[in-house]
Amino acid sequence: METEKPFDALIIGSGIGGLSTGIILSRLRYRVAVIEKNPLPGGLMRGYSRDGIDCPVGVHYFGAFGESQPLRRMFDYLGVGGALAAERMGQNGPIDRYLFDDFTFDLPEGLDAFAEALESSFPEDYRPIATILGNLCAMADLQNSLSFLSPAIPFLKEDLLLPLSVYLMKMKCTSRLRSVLSVASRWMGLSEQDCPVLYHHLALASYLLSAWRLVGSGADMAEAFVAQLAKRGGSLICNDPAAAILAEGKEVAGLRLASGRVLKASRIVAAVHPKTVLMMLPEGSVKPLQARRIRGFADTESLFVANFAVDARTRPALPHNIYRLHADSEGWIPAGVFYQLRAGGKDRNLLTMITKSSFSEWRRWEGTTTGGRGADYREEKIRRAECLLGKAEEIFGSLAGAKIIDAYTPLTLRDRVNSPCGSPYGVMRSTRQFPAMAVLHRRPLNGLFFAGQNALAPGILGTVMGSFHAVRQMIGQERFDRDVFVKLFAG
Ligand SMILES: Cc1cc2nc3c(=O)[nH]c(=O)nc-3n(C[C@H](O)[C@H](O)[C@H](O)COP(=O)(O)OP(=O)(O)OC[C@H]3O[C@@H](n4cnc5c(N)ncnc54)[C@H](O)[C@@H]3O)c2cc1C
């Protein structure tokens with residue numbers, strides 16, 4: 001077995017979580033290597049190309065990237081802020097259009113504009129709107145000051161830890177206001193009954209601060225991160241999955257890769273799902289109860305995604321996203337479809353549709369892998385995609401000539417990024433699951449840290465914040481403040 005000069009830290013997974021952690025540590029002069037199972041780095045951030053059209057996977061839009069806003073500060077620190085071609089949404093219209101069965105709501109940019117839109121749409125809700133806006137502004141301030149990374153733990157009102165549904169019922173909002181506010185919980189794959197108000201408000205506030213779309217592809221974004229890692233001296237090893245975490249007693253000692261290659265390090269950052277990490281840990285390092293808890297974690301709702309090429313002359317690109325939502329009598333939204341109609345190049349545009357689809361719906365193909373699932377799987381994907389296209393025609397009018405270019409399922413995501421049951425946003429951070437998730441704070445080995453979307457929060461903003469959080473845990477608050485935190489505000 002080959003061994004080589006020890007690294008200061010090894011990072012498992014080259015999604016935005018792993019790559020950003022690698023860049024921060026490299027900036028601190030750690031000798032790092034990021035290990036990726038796939039031939040190409042980037043995880044969910046890297047889209048793919050079909051029929052000459054770039055299809056996004058995990059970056060449809062993101063928030064808080066305006067000047068001095070938290071994502072921009074962190075991206076600038078990582079050296080990718082300037083390299084990222086992104087366009088600001090909501091400049092001449094909404095960011096999102098929510099189409100309910102009996103009314104429409106346009107999500108504007110800005111907290112004040114949001115307050116005005118809510119007040120004019122739901123005048124009888126003026127009291128809850130004032131409370132909610134107060135809490136949203138507080139969350140926007142917390143984000144802007146990056147308080148979650150500062151030494152002072154922010155004070156959180158008790159209400160912020162309630163499930164969204166309980167919070168909104170407590171405030172006696174009308175069902176329509178409940179419907180509008182519920183949408184943001186779906187951004188993280190959570191129902192209103194599961195989503196803690198804290199996450200909901202953080203996500204909603206970030207998009208109200210400013211919402212952005214990539215102008216280039218997800219591959220360009222991934223390559224911007226890869227280039228910064230290389231520039232800072234970090235290594236990237238692709239096409240060789242991490243197979244086992246090696247330990248000496250209670251201390252991390254390194255990684256064995258699937259190829260048999262052994263890399264030594266006294267620190268490992270796992271930027272992959274905790275269930276994946278569990279399988280890599282040496283026997284006996286995790287207490288049986290802790291292992292049972294991790295194995296039993298419920299994951300976020302999985303998805304079915306269909307991409308169609310449409311005629312650009314008859315179906316021009318839209319600057320906003322559309323959500324078609326079906327609320328129940330209480331205003332909760334068990335069903336809906338997300339649409340994005342983007343420029344696809346030349347005379348074609350890309351219509352992306354995303355809807356919920358549980359892993360169990362695809363269980364018959366569970367034992368198969370991408371590319372080898374057979375004709376019946378392909379037929380089922382096409383059937384569902386065509387069904388979605390039919391629904392899309394109710395919004396966009398005739399889509400005759402639309403050509404399916406790709407569709408993917410929870411199985412695709414499972415195989416692509418090792419996400420158990422194809423969960424798009426990892427472990428479900430529900431109020432119900434909070435107590436069980438405390439096991440993740442008890443590290444089974446000294447020198448093992450968690451990053452990625454499961455560390456702190458999902459989404460681009462949450463995941464990158466999780467990378468800074470992981471580094472803070474590794475180097476300690478004092479050094480973090482001196483060498484990282486102040487530099488986030490260095491202009
Ligand atoms: C369909 C979809 C749409 C989304 N849309 C948005 C959006 O519009 N806006 C937004 O903010 N967020 C969105 N998200 C969420 C966002 O993409 C994720 O929160 C974020 O990309 C997660 O990054 P990560 O680094 O934690 O994980 P990943 O990107 O999953 O990275 C994990 C990496 O680890 C690798 N890996 C796994 N196991 C091993 C192993 N054993 N050895 C080595 N490597 C391994 C994987 O191959 C992968 O590259 C979306 C997600 C999905 C699925």
# chains A, B, ... in the order shown; residues from 1 in each chain; ligands from 1

$ select_by_dssp --residues "range 206-282 of chain A" --states "strand (DSSP E)" --output "number ranges by chain"
A: 211-214, 235-237, 242-248, 251-257, 262-264, 268-270

$ write_last_selection --atoms "N, CA and C atoms" --output "PDB file, in the first residue's frame"
ATOM      1  N   ALA A 211     -31.525  38.342  -4.968  1.00  0.00           N
ATOM      2  CA  ALA A 211     -31.583  36.994  -5.560  1.00  0.00           C
ATOM      3  C   ALA A 211     -30.827  37.005  -6.886  1.00  0.00           C
ATOM      4  N   TRP A 212     -30.097  35.927  -7.134  1.00  0.00           N
ATOM      5  CA  TRP A 212     -29.185  35.894  -8.279  1.00  0.00           C
ATOM      6  C   TRP A 212     -29.298  34.581  -9.033  1.00  0.00           C
ATOM      7  N   ARG A 213     -28.990  34.665 -10.338  1.00  0.00           N
ATOM      8  CA  ARG A 213     -28.867  33.463 -11.170  1.00  0.00           C
ATOM      9  C   ARG A 213     -27.492  33.462 -11.810  1.00  0.00           C
ATOM     10  N   LEU A 214     -26.993  32.285 -12.063  1.00  0.00           N
ATOM     11  CA  LEU A 214     -25.731  32.200 -12.798  1.00  0.00           C
ATOM     12  C   LEU A 214     -25.983  32.611 -14.241  1.00  0.00           C
ATOM     13  N   SER A 235      -4.593  20.552  -3.138  1.00  0.00           N
ATOM     14  CA  SER A 235      -4.637  19.478  -4.143  1.00  0.00           C
ATOM     15  C   SER A 235      -6.067  18.977  -4.294  1.00  0.00           C
ATOM     16  N   LEU A 236      -6.338  18.429  -5.463  1.00  0.00           N
ATOM     17  CA  LEU A 236      -7.657  17.855  -5.720  1.00  0.00           C
ATOM     18  C   LEU A 236      -7.438  16.472  -6.320  1.00  0.00           C
ATOM     19  N   ILE A 237      -8.035  15.477  -5.712  1.00  0.00           N
ATOM     20  CA  ILE A 237      -7.895  14.110  -6.227  1.00  0.00           C
ATOM     21  C   ILE A 237      -9.287  13.632  -6.624  1.00  0.00           C
ATOM     22  N   ALA A 242     -13.237   8.281  -1.253  1.00  0.00           N
ATOM     23  CA  ALA A 242     -12.719   7.965   0.076  1.00  0.00           C
ATOM     24  C   ALA A 242     -13.450   6.701   0.531  1.00  0.00           C
ATOM     25  N   ALA A 243     -12.705   5.689   0.941  1.00  0.00           N
ATOM     26  CA  ALA A 243     -13.345   4.419   1.314  1.00  0.00           C
ATOM     27  C   ALA A 243     -13.361   4.218   2.823  1.00  0.00           C
ATOM     28  N   ALA A 244     -12.292   4.634   3.488  1.00  0.00           N
ATOM     29  CA  ALA A 244     -12.227   4.404   4.941  1.00  0.00           C
ATOM     30  C   ALA A 244     -11.450   5.514   5.623  1.00  0.00           C
ATOM     31  N   ILE A 245     -11.973   5.921   6.773  1.00  0.00           N
ATOM     32  CA  ILE A 245     -11.254   6.885   7.611  1.00  0.00           C
ATOM     33  C   ILE A 245     -10.350   6.066   8.533  1.00  0.00           C
ATOM     34  N   LEU A 246      -9.084   6.401   8.531  1.00  0.00           N
ATOM     35  CA  LEU A 246      -8.136   5.634   9.347  1.00  0.00           C
ATOM     36  C   LEU A 246      -7.933   6.347  10.681  1.00  0.00           C
ATOM     37  N   ALA A 247      -7.756   5.555  11.728  1.00  0.00           N
ATOM     38  CA  ALA A 247      -7.593   6.152  13.062  1.00  0.00           C
ATOM     39  C   ALA A 247      -6.478   5.447  13.813  1.00  0.00           C
ATOM     40  N   GLU A 248      -5.865   6.194  14.712  1.00  0.00           N
ATOM     41  CA  GLU A 248      -4.943   5.588  15.678  1.00  0.00           C
ATOM     42  C   GLU A 248      -5.515   5.901  17.043  1.00  0.00           C
ATOM     43  N   GLU A 251      -7.712   9.113  17.569  1.00  0.00           N
ATOM     44  CA  GLU A 251      -7.273  10.218  16.697  1.00  0.00           C
ATOM     45  C   GLU A 251      -7.404   9.833  15.227  1.00  0.00           C
ATOM     46  N   VAL A 252      -7.851  10.786  14.429  1.00  0.00           N
ATOM     47  CA  VAL A 252      -7.865  10.595  12.981  1.00  0.00           C
ATOM     48  C   VAL A 252      -6.426  10.422  12.488  1.00  0.00           C
ATOM     49  N   ALA A 253      -6.209   9.454  11.562  1.00  0.00           N
ATOM     50  CA  ALA A 253      -4.844   9.256  11.055  1.00  0.00           C
ATOM     51  C   ALA A 253      -4.753   9.440   9.544  1.00  0.00           C
ATOM     52  N   GLY A 254      -5.895   9.371   8.846  1.00  0.00           N
ATOM     53  CA  GLY A 254      -5.832   9.542   7.395  1.00  0.00           C
ATOM     54  C   GLY A 254      -7.009   8.903   6.698  1.00  0.00           C
ATOM     55  N   LEU A 255      -6.834   8.709   5.412  1.00  0.00           N
ATOM     56  CA  LEU A 255      -7.911   8.145   4.589  1.00  0.00           C
ATOM     57  C   LEU A 255      -7.365   7.045   3.705  1.00  0.00           C
ATOM     58  N   ARG A 256      -8.172   6.017   3.527  1.00  0.00           N
ATOM     59  CA  ARG A 256      -7.835   5.059   2.468  1.00  0.00           C
ATOM     60  C   ARG A 256      -8.831   5.274   1.348  1.00  0.00           C
ATOM     61  N   LEU A 257      -8.324   5.441   0.139  1.00  0.00           N
ATOM     62  CA  LEU A 257      -9.190   5.669  -1.011  1.00  0.00           C
ATOM     63  C   LEU A 257      -9.548   4.331  -1.653  1.00  0.00           C
ATOM     64  N   VAL A 262      -3.268   5.454   0.209  1.00  0.00           N
ATOM     65  CA  VAL A 262      -3.444   5.891   1.602  1.00  0.00           C
ATOM     66  C   VAL A 262      -2.881   7.296   1.750  1.00  0.00           C
ATOM     67  N   LEU A 263      -3.702   8.193   2.312  1.00  0.00           N
ATOM     68  CA  LEU A 263      -3.271   9.570   2.542  1.00  0.00           C
ATOM     69  C   LEU A 263      -3.290   9.805   4.037  1.00  0.00           C
ATOM     70  N   LYS A 264      -2.206  10.365   4.549  1.00  0.00           N
ATOM     71  CA  LYS A 264      -2.152  10.588   5.996  1.00  0.00           C
ATOM     72  C   LYS A 264      -2.519  12.019   6.351  1.00  0.00           C
ATOM     73  N   ILE A 268      -9.562  15.495   9.311  1.00  0.00           N
ATOM     74  CA  ILE A 268     -10.399  15.170   8.145  1.00  0.00           C
ATOM     75  C   ILE A 268     -11.670  16.006   8.236  1.00  0.00           C
ATOM     76  N   VAL A 269     -12.022  16.593   7.115  1.00  0.00           N
ATOM     77  CA  VAL A 269     -13.302  17.303   7.053  1.00  0.00           C
ATOM     78  C   VAL A 269     -14.199  16.504   6.123  1.00  0.00           C
ATOM     79  N   ALA A 270     -15.313  16.039   6.665  1.00  0.00           N
ATOM     80  CA  ALA A 270     -16.247  15.266   5.844  1.00  0.00           C
ATOM     81  C   ALA A 270     -17.316  16.209   5.319  1.00  0.00           C
TER      82      ALA A 270
END

$ residues_around --residues "Leu107 in chain A" --least-positions-apart "4" --cutoff "8 Å" --atoms "only C-alpha atoms" --output "PyMOL selection string"
chain A and resi 94-98+114+117

$ residues_around --residues "range 291-307 of chain A" --least-positions-apart "4" --cutoff "8 Å" --atoms "only C-alpha atoms" --output "VMD selection string"
chain A and resid 55 188 to 190 274 to 275 278 286 to 287 350 to 359 385 388 404 to 410 420 to 428 433 436 to 437 439

$ write_last_selection --atoms "N, CA and C atoms" --output "short mmCIF file (atom, residue, chain, number, x, y, z; two decimals), in the first residue's frame"
data_model
loop_
_atom_site.label_atom_id
_atom_site.label_comp_id
_atom_site.auth_asym_id
_atom_site.auth_seq_id
_atom_site.Cartn_x
_atom_site.Cartn_y
_atom_site.Cartn_z
N CYS A 55 -27.58 22.39 -18.24
CA CYS A 55 -28.69 22.15 -17.31
C CYS A 55 -28.15 22.29 -15.88
N MET A 188 -35.94 24.36 1.02
CA MET A 188 -34.97 23.50 1.72
C MET A 188 -35.49 22.08 1.84
N GLY A 189 -36.51 21.75 1.04
CA GLY A 189 -37.05 20.39 1.05
C GLY A 189 -37.80 20.06 2.33
N LEU A 190 -38.40 21.07 2.96
CA LEU A 190 -39.10 20.85 4.21
C LEU A 190 -40.56 21.26 4.08
N PRO A 274 -23.72 12.59 6.63
CA PRO A 274 -23.25 11.85 7.82
C PRO A 274 -23.43 10.32 7.70
N LYS A 275 -24.47 9.89 6.95
CA LYS A 275 -24.64 8.43 6.80
C LYS A 275 -23.49 7.84 5.98
N LEU A 278 -20.51 7.62 8.30
CA LEU A 278 -20.65 6.50 9.24
C LEU A 278 -20.06 5.21 8.65
N VAL A 286 -17.78 4.56 16.74
CA VAL A 286 -19.07 5.23 17.00
C VAL A 286 -19.87 4.35 17.95
N LYS A 287 -20.39 4.96 18.98
CA LYS A 287 -21.22 4.20 19.93
C LYS A 287 -22.48 3.70 19.21
N LEU A 350 -34.33 26.77 -22.22
CA LEU A 350 -34.40 25.59 -21.34
C LEU A 350 -35.54 25.77 -20.34
N LEU A 351 -36.48 24.84 -20.37
CA LEU A 351 -37.56 24.86 -19.37
C LEU A 351 -37.27 23.74 -18.36
N THR A 352 -36.96 24.16 -17.13
CA THR A 352 -36.69 23.19 -16.06
C THR A 352 -37.92 23.11 -15.16
N MET A 353 -38.29 21.89 -14.80
CA MET A 353 -39.43 21.70 -13.89
C MET A 353 -39.00 20.78 -12.77
N ILE A 354 -39.29 21.19 -11.54
CA ILE A 354 -38.89 20.39 -10.38
C ILE A 354 -40.12 20.14 -9.52
N THR A 355 -40.31 18.90 -9.13
CA THR A 355 -41.42 18.58 -8.25
C THR A 355 -41.00 17.51 -7.25
N LYS A 356 -41.78 17.36 -6.20
CA LYS A 356 -41.46 16.35 -5.18
C LYS A 356 -41.62 14.95 -5.76
N SER A 357 -40.75 14.05 -5.35
CA SER A 357 -40.91 12.64 -5.73
C SER A 357 -40.18 11.80 -4.71
N SER A 358 -40.90 10.97 -4.01
CA SER A 358 -40.24 10.24 -2.91
C SER A 358 -39.38 9.10 -3.46
N PHE A 359 -38.39 8.73 -2.69
CA PHE A 359 -37.48 7.65 -3.09
C PHE A 359 -38.28 6.37 -3.32
N ALA A 385 -42.20 13.15 -17.11
CA ALA A 385 -41.78 14.42 -17.70
C ALA A 385 -42.90 14.97 -18.60
N LEU A 388 -45.59 16.47 -16.59
CA LEU A 388 -45.21 17.81 -16.13
C LEU A 388 -45.35 18.83 -17.26
N ILE A 404 -37.81 16.82 -24.80
CA ILE A 404 -37.21 16.44 -23.51
C ILE A 404 -35.72 16.21 -23.71
N ILE A 405 -34.91 16.88 -22.91
CA ILE A 405 -33.47 16.67 -23.07
C ILE A 405 -32.90 15.85 -21.92
N ASP A 406 -33.60 15.84 -20.79
CA ASP A 406 -33.11 15.01 -19.68
C ASP A 406 -34.13 15.03 -18.55
N ALA A 407 -34.14 13.96 -17.76
CA ALA A 407 -34.95 13.96 -16.54
C ALA A 407 -34.17 13.17 -15.50
N TYR A 408 -34.24 13.60 -14.26
CA TYR A 408 -33.56 12.80 -13.24
C TYR A 408 -34.39 12.63 -11.99
N THR A 409 -34.02 11.61 -11.24
CA THR A 409 -34.84 11.11 -10.14
C THR A 409 -34.00 11.08 -8.85
N PRO A 410 -34.62 10.72 -7.73
CA PRO A 410 -33.82 10.59 -6.51
C PRO A 410 -32.66 9.59 -6.66
N PRO A 420 -27.96 9.80 0.45
CA PRO A 420 -28.86 8.68 0.77
C PRO A 420 -30.29 8.99 0.33
N CYS A 421 -30.92 8.04 -0.33
CA CYS A 421 -32.28 8.19 -0.86
C CYS A 421 -32.44 9.42 -1.75
N GLY A 422 -31.34 9.92 -2.28
CA GLY A 422 -31.40 11.04 -3.22
C GLY A 422 -31.84 12.34 -2.59
N SER A 423 -31.60 12.48 -1.27
CA SER A 423 -32.06 13.71 -0.61
C SER A 423 -31.31 14.91 -1.18
N PRO A 424 -32.04 15.94 -1.66
CA PRO A 424 -31.35 17.07 -2.29
C PRO A 424 -30.65 18.00 -1.30
N TYR A 425 -31.21 18.11 -0.09
CA TYR A 425 -30.66 19.05 0.88
C TYR A 425 -30.15 18.34 2.13
N GLY A 426 -29.88 17.04 2.01
CA GLY A 426 -29.29 16.30 3.12
C GLY A 426 -30.27 16.00 4.24
N VAL A 427 -29.72 15.95 5.44
CA VAL A 427 -30.51 15.60 6.62
C VAL A 427 -31.62 16.64 6.83
N MET A 428 -32.80 16.16 7.18
CA MET A 428 -33.91 17.08 7.41
C MET A 428 -33.71 17.81 8.74
N GLN A 433 -36.53 16.73 14.54
CA GLN A 433 -35.27 15.98 14.49
C GLN A 433 -34.11 16.69 15.18
N ALA A 436 -32.32 14.71 18.02
CA ALA A 436 -31.52 13.57 17.54
C ALA A 436 -30.25 14.06 16.84
N MET A 437 -30.33 15.22 16.18
CA MET A 437 -29.18 15.72 15.42
C MET A 437 -28.04 16.17 16.32
N VAL A 439 -26.37 14.45 18.05
CA VAL A 439 -25.28 13.45 18.01
C VAL A 439 -24.16 13.90 17.08
#

$ residues_around --residues "Ala312 in chain A" --least-positions-apart "2" --cutoff "12 Å" --atoms "only C-alpha atoms" --output "list of chain:residue names"
A:Phe308, A:Ala309, A:Val310, A:Thr314, A:Arg315, A:Pro316, A:Ala317, A:Leu318, A:Leu341, A:Arg342, A:Ala343, A:Gly344, A:Gly345, A:Lys346, A:Asp347, A:Arg348, A:Asn349, A:Leu350, A:Leu351, A:Leu399, A:Gly401, A:Ala402

$ write_last_selection --atoms "all heavy atoms" --output "short mmCIF file (atom, residue, chain, number, x, y, z; two decimals), in the first residue's frame"
data_model
loop_
_atom_site.label_atom_id
_atom_site.label_comp_id
_atom_site.auth_asym_id
_atom_site.auth_seq_id
_atom_site.Cartn_x
_atom_site.Cartn_y
_atom_site.Cartn_z
N PHE A 308 -36.60 20.47 -20.55
CA PHE A 308 -37.07 20.47 -21.94
C PHE A 308 -36.43 21.62 -22.71
O PHE A 308 -36.27 22.72 -22.16
CB PHE A 308 -38.59 20.68 -21.99
CG PHE A 308 -39.39 19.43 -21.70
CD1 PHE A 308 -39.65 19.05 -20.39
CD2 PHE A 308 -39.86 18.65 -22.74
CE1 PHE A 308 -40.38 17.92 -20.12
CE2 PHE A 308 -40.60 17.50 -22.48
CZ PHE A 308 -40.87 17.13 -21.16
N ALA A 309 -36.11 21.36 -23.98
CA ALA A 309 -35.70 22.47 -24.87
C ALA A 309 -36.97 22.98 -25.54
O ALA A 309 -37.76 22.18 -26.04
CB ALA A 309 -34.72 21.94 -25.91
N VAL A 310 -37.18 24.30 -25.49
CA VAL A 310 -38.37 24.88 -26.12
C VAL A 310 -37.95 25.95 -27.13
O VAL A 310 -36.83 26.47 -27.05
CB VAL A 310 -39.35 25.49 -25.06
CG1 VAL A 310 -39.88 24.44 -24.11
CG2 VAL A 310 -38.68 26.62 -24.28
N THR A 314 -41.04 31.50 -29.54
CA THR A 314 -42.41 31.49 -28.99
C THR A 314 -42.41 31.45 -27.46
O THR A 314 -43.37 31.86 -26.83
CB THR A 314 -43.20 30.29 -29.52
OG1 THR A 314 -42.44 29.11 -29.26
CG2 THR A 314 -43.49 30.43 -31.00
N ARG A 315 -41.33 30.96 -26.87
CA ARG A 315 -41.25 30.87 -25.39
C ARG A 315 -39.99 31.58 -24.90
O ARG A 315 -38.98 30.94 -24.55
CB ARG A 315 -41.22 29.40 -24.93
CG ARG A 315 -42.47 28.64 -25.23
CD ARG A 315 -43.66 29.12 -24.39
NE ARG A 315 -44.92 28.85 -25.07
CZ ARG A 315 -45.83 29.77 -25.41
NH1 ARG A 315 -45.64 31.02 -25.12
NH2 ARG A 315 -46.94 29.45 -26.02
N PRO A 316 -40.03 32.91 -24.90
CA PRO A 316 -38.81 33.64 -24.48
C PRO A 316 -38.45 33.37 -23.02
O PRO A 316 -39.34 33.03 -22.22
CB PRO A 316 -39.21 35.11 -24.67
CG PRO A 316 -40.69 35.14 -24.79
CD PRO A 316 -41.14 33.79 -25.23
N ALA A 317 -37.20 33.54 -22.70
CA ALA A 317 -36.73 33.30 -21.32
C ALA A 317 -37.46 34.25 -20.37
O ALA A 317 -37.80 35.37 -20.73
CB ALA A 317 -35.23 33.54 -21.25
N LEU A 318 -37.70 33.79 -19.16
CA LEU A 318 -38.36 34.62 -18.15
C LEU A 318 -37.33 35.05 -17.11
O LEU A 318 -36.53 34.23 -16.65
CB LEU A 318 -39.46 33.83 -17.43
CG LEU A 318 -40.73 33.51 -18.21
CD1 LEU A 318 -41.68 32.69 -17.35
CD2 LEU A 318 -41.42 34.81 -18.64
N LEU A 341 -37.52 29.16 -16.84
CA LEU A 341 -37.41 29.19 -18.30
C LEU A 341 -36.24 30.11 -18.64
O LEU A 341 -36.33 31.33 -18.54
CB LEU A 341 -38.74 29.71 -18.89
CG LEU A 341 -38.87 29.79 -20.41
CD1 LEU A 341 -38.50 28.49 -21.11
CD2 LEU A 341 -40.31 30.17 -20.80
N ARG A 342 -35.11 29.48 -19.01
CA ARG A 342 -33.84 30.21 -19.17
C ARG A 342 -33.35 30.15 -20.60
O ARG A 342 -33.69 29.24 -21.35
CB ARG A 342 -32.75 29.53 -18.31
CG ARG A 342 -33.08 29.32 -16.86
CD ARG A 342 -32.77 30.54 -16.05
NE ARG A 342 -31.41 31.02 -16.24
CZ ARG A 342 -30.38 30.68 -15.45
NH1 ARG A 342 -30.57 29.84 -14.46
NH2 ARG A 342 -29.19 31.18 -15.66
N ALA A 343 -32.49 31.10 -20.93
CA ALA A 343 -31.86 31.08 -22.25
C ALA A 343 -31.06 29.78 -22.39
O ALA A 343 -30.35 29.38 -21.47
CB ALA A 343 -30.93 32.28 -22.39
N GLY A 344 -31.22 29.13 -23.54
CA GLY A 344 -30.51 27.86 -23.74
C GLY A 344 -29.46 27.98 -24.82
O GLY A 344 -28.77 27.02 -25.12
N GLY A 345 -29.36 29.17 -25.42
CA GLY A 345 -28.39 29.34 -26.51
C GLY A 345 -29.10 29.25 -27.85
O GLY A 345 -30.06 28.49 -28.01
N LYS A 346 -28.67 30.03 -28.79
CA LYS A 346 -29.22 30.08 -30.16
C LYS A 346 -30.74 30.24 -30.14
O LYS A 346 -31.27 31.13 -29.52
CB LYS A 346 -28.79 28.84 -30.93
CG LYS A 346 -27.49 29.04 -31.70
CD LYS A 346 -27.25 27.85 -32.52
CE LYS A 346 -26.47 28.06 -33.76
NZ LYS A 346 -26.35 26.77 -34.44
N ASP A 347 -31.45 29.30 -30.77
CA ASP A 347 -32.90 29.47 -30.89
C ASP A 347 -33.69 28.62 -29.89
O ASP A 347 -34.87 28.42 -30.05
CB ASP A 347 -33.33 29.13 -32.32
CG ASP A 347 -32.72 27.81 -32.77
OD1 ASP A 347 -31.97 27.20 -31.98
OD2 ASP A 347 -33.00 27.39 -33.90
N ARG A 348 -32.98 28.09 -28.87
CA ARG A 348 -33.71 27.24 -27.91
C ARG A 348 -33.58 27.80 -26.50
O ARG A 348 -32.56 28.37 -26.13
CB ARG A 348 -33.13 25.82 -27.94
CG ARG A 348 -33.40 25.12 -29.25
CD ARG A 348 -32.78 23.77 -29.29
NE ARG A 348 -31.36 23.81 -28.97
CZ ARG A 348 -30.63 22.75 -28.64
NH1 ARG A 348 -31.19 21.57 -28.58
NH2 ARG A 348 -29.35 22.87 -28.37
N ASN A 349 -34.62 27.61 -25.72
CA ASN A 349 -34.56 27.93 -24.29
C ASN A 349 -34.73 26.66 -23.48
O ASN A 349 -35.20 25.64 -23.99
CB ASN A 349 -35.63 28.97 -23.93
CG ASN A 349 -35.21 30.36 -24.38
OD1 ASN A 349 -34.01 30.61 -24.55
ND2 ASN A 349 -36.16 31.24 -24.60
N LEU A 350 -34.33 26.77 -22.22
CA LEU A 350 -34.40 25.59 -21.34
C LEU A 350 -35.54 25.77 -20.34
O LEU A 350 -35.55 26.74 -19.58
CB LEU A 350 -33.07 25.45 -20.58
CG LEU A 350 -33.05 24.37 -19.50
CD1 LEU A 350 -33.12 22.97 -20.11
CD2 LEU A 350 -31.81 24.48 -18.62
N LEU A 351 -36.48 24.84 -20.37
CA LEU A 351 -37.56 24.86 -19.37
C LEU A 351 -37.27 23.74 -18.36
O LEU A 351 -37.26 22.56 -18.71
CB LEU A 351 -38.92 24.62 -20.04
CG LEU A 351 -40.10 24.50 -19.07
CD1 LEU A 351 -40.32 25.79 -18.27
CD2 LEU A 351 -41.39 24.14 -19.82
N LEU A 399 -46.84 24.17 -25.74
CA LEU A 399 -45.39 23.93 -25.79
C LEU A 399 -45.10 22.89 -26.87
O LEU A 399 -44.18 22.07 -26.73
CB LEU A 399 -44.89 23.48 -24.41
CG LEU A 399 -44.92 24.57 -23.33
CD1 LEU A 399 -44.75 23.98 -21.94
CD2 LEU A 399 -43.84 25.62 -23.56
N GLY A 401 -43.67 21.00 -29.81
CA GLY A 401 -42.29 21.02 -30.30
C GLY A 401 -41.26 20.98 -29.18
O GLY A 401 -40.06 20.86 -29.43
N ALA A 402 -41.72 21.09 -27.90
CA ALA A 402 -40.76 21.00 -26.77
C ALA A 402 -40.12 19.61 -26.80
O ALA A 402 -40.80 18.61 -27.04
CB ALA A 402 -41.49 21.21 -25.45
#

$ select_by_dssp --residues "range 389-447 of chain A" --states "helix (DSSP H, G or I)" --output "compact mmCIF listing (two decimals) with C-alpha atoms, in the first residue's frame"
# COMPACT_ATOMS: atom_id res chain seq x y z
CA LEU A 389 -45.10 19.30 -19.62
CA GLY A 390 -48.90 19.02 -19.79
CA LYS A 391 -49.16 20.97 -16.52
CA ALA A 392 -46.67 23.53 -17.83
CA GLU A 393 -48.92 24.21 -20.83
CA GLU A 394 -51.59 25.45 -18.41
CA ILE A 395 -49.14 28.23 -17.50
CA PHE A 396 -47.11 28.89 -20.62
CA PRO A 410 -33.82 10.59 -6.51
CA LEU A 411 -31.78 7.60 -7.74
CA THR A 412 -29.75 9.88 -10.01
CA LEU A 413 -28.88 12.18 -7.12
CA ARG A 414 -28.11 9.23 -4.88
CA ASP A 415 -25.61 7.85 -7.38
CA ARG A 416 -24.18 11.20 -8.42
CA VAL A 417 -23.25 12.58 -5.01
CA PRO A 420 -28.86 8.68 0.77
CA CYS A 421 -32.28 8.19 -0.86
CA GLY A 422 -31.40 11.04 -3.22
CA PHE A 434 -33.25 18.69 16.25
CA PRO A 435 -32.72 16.67 19.45
CA ALA A 436 -31.52 13.57 17.54
CA MET A 437 -29.18 15.72 15.42
CA ALA A 438 -27.26 16.71 18.52
CA VAL A 439 -25.28 13.45 18.01
CA LEU A 440 -23.45 15.18 15.18
CA HIS A 441 -21.86 17.52 17.71

$ residues_near_ligand --ligand "ligand 1" --cutoff "6 Å" --atoms "only C-alpha atoms and all ligand atoms" --output "PyMOL selection string"
chain A and resi 12-18+35-38+41-45+57-62+241-243+271-272+416-418+424-425+452-453+458-460+463

$ closest_residue --among "A:Gly331, A:Met74, A:Leu161, A:Arg364" --to "Asp376 in chain A" --atoms "only C-alpha atoms"
A:Arg364
